[in-house]
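**Student:** My structure is below; once you've seen it, I'll send some questions.
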Amino acid sequence: MLLKKNNYTYMTENAIVVKSVSRGNYEDAVVHLTDKYVRFYEFGLTVAGVQFIGLTFEMKETDILIERISYFLLAMCCLFSLFGSTMAYLMVKYLGSVRFEDPEFFVEGMRRYSRWFSFTEWVPYLSSTLFLITINLLVAAQSPLEYSVVFHVLSGVLTACMVVCQGMIIIAPKYTQPPPECN
């Protein structure tokens, strides 16, 4: 077992790694995990690029505090996206380096670095949250009040739905039940 049963990393890495190693084909686990972290890498670079474009095209001298805070948060989003992408790149390189090692070495490495693997998955959430806050601040600073209120309420409702879905789908403990008897 890598981590607790109510952890997303347990569901993915532990299930994939332990089952693949027990079947004798742990290279499948490495390939699957590598593909997953390549997607994180590409996502981080894409988001950082969009945020950088937003910074360069919209950056202007302003005395409005909300806009200055928004541009600062947008810069932080870009920084976190690049950091997350770099972490994912390191995970891909690590997985590539253990691909031809013994299965026990691979499983022990997954145990040792499981927090980093998990952290790499949470960085996009942090970046997306900062990006959402930035957008809400810019809308508040540049839109009429009625449009701002609608945008903020809709943004809050969609964020709440996402948090609830994440809790139910990813974070909540997963238990398997045997199928009911068919009569």
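The chains in the structure tokens are called A, B, ... from first to last as shown; in each chain the residues are counted from 1, and the ligands are counted from 1 in the order shown.
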Leaving out Ser128 in chain A and any residue of its chain fewer than 4 positions from it, which residues lie within 8 Å of it when counting only C-alpha atoms, given as a PyMOL selection string?

**Tutor:** chain A and resi 77+124+132

**Student:** Please list as a VMD selection string every residue within 8 Å of range 86-96 of chain A, counting only C-alpha atoms and excluding residues in the same chain fewer than 4 positions away.

**Tutor:** chain A and resid 30 33 to 34 37 to 38 40 to 41 82 117 120

**Student:** Go ahead and dump the residues you just picked, N, CA and C atoms, as a JSON list (two decimals), in the first residue's frame.

**Tutor:**
```
[["chain", "number", "residue", "atom", "x", "y", "z"],
["A", 30, "VAL", "N", 4.48, 1.62, -15.68],
["A", 30, "VAL", "CA", 5.37, 2.75, -15.97],
["A", 30, "VAL", "C", 4.85, 3.53, -17.17],
["A", 33, "LEU", "N", 1.65, 5.50, -16.11],
["A", 33, "LEU", "CA", 1.98, 6.64, -15.26],
["A", 33, "LEU", "C", 2.74, 7.71, -16.04],
["A", 34, "THR", "N", 3.63, 7.30, -16.93],
["A", 34, "THR", "CA", 4.36, 8.27, -17.74],
["A", 34, "THR", "C", 3.40, 9.05, -18.62],
["A", 37, "TYR", "N", 1.63, 11.71, -16.50],
["A", 37, "TYR", "CA", 2.43, 12.87, -16.14],
["A", 37, "TYR", "C", 2.86, 13.68, -17.36],
["A", 38, "VAL", "N", 2.91, 13.06, -18.52],
["A", 38, "VAL", "CA", 3.14, 13.83, -19.76],
["A", 38, "VAL", "C", 1.95, 14.76, -19.99],
["A", 40, "PHE", "N", 0.05, 16.04, -17.63],
["A", 40, "PHE", "CA", 0.22, 17.13, -16.66],
["A", 40, "PHE", "C", 1.25, 18.14, -17.15],
["A", 41, "TYR", "N", 2.33, 17.64, -17.71],
["A", 41, "TYR", "CA", 3.38, 18.50, -18.24],
["A", 41, "TYR", "C", 2.83, 19.40, -19.35],
["A", 82, "LEU", "N", 4.12, 26.84, -14.48],
["A", 82, "LEU", "CA", 5.46, 26.41, -14.91],
["A", 82, "LEU", "C", 6.09, 25.46, -13.89],
["A", 117, "PHE", "N", 4.52, 12.73, -6.39],
["A", 117, "PHE", "CA", 3.58, 12.39, -7.46],
["A", 117, "PHE", "C", 2.22, 13.03, -7.18],
["A", 120, "THR", "N", 2.31, 16.88, -7.58],
["A", 120, "THR", "CA", 2.29, 17.27, -8.99],
["A", 120, "THR", "C", 0.86, 17.32, -9.53]]
```

**Student:** I want to know what sits within 9 Å of Ser70 in chain A, based on only C-alpha atoms, with residues of the same chain fewer than 4 positions away left out; could you give that as a list in words?

**Tutor:** Leu65, Ile66, Leu74, Ala75, Ile133, Thr134, Ile135, Asn136, Leu137 and Leu138 of chain A

**Student:** Considering only C-alpha atoms, state which residue in the set A:Ile69, A:Val50, A:Val98, A:Val31 is at the smallest distance from Ser81 in chain A.

**Tutor:**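 Of all the options, A:Val50 lies closest to Ser81 in chain A.
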
**Student:** Out of A:Met110, A:Val164, A:Leu126, A:Ile53, which residue has the shortest atom-to-atom distance to Gly84 in chain A when counting only C-alpha atoms?

**Tutor:**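 Once distances to Gly84 in chain A are computed over only C-alpha atoms, the minimum belongs to A:Leu126.
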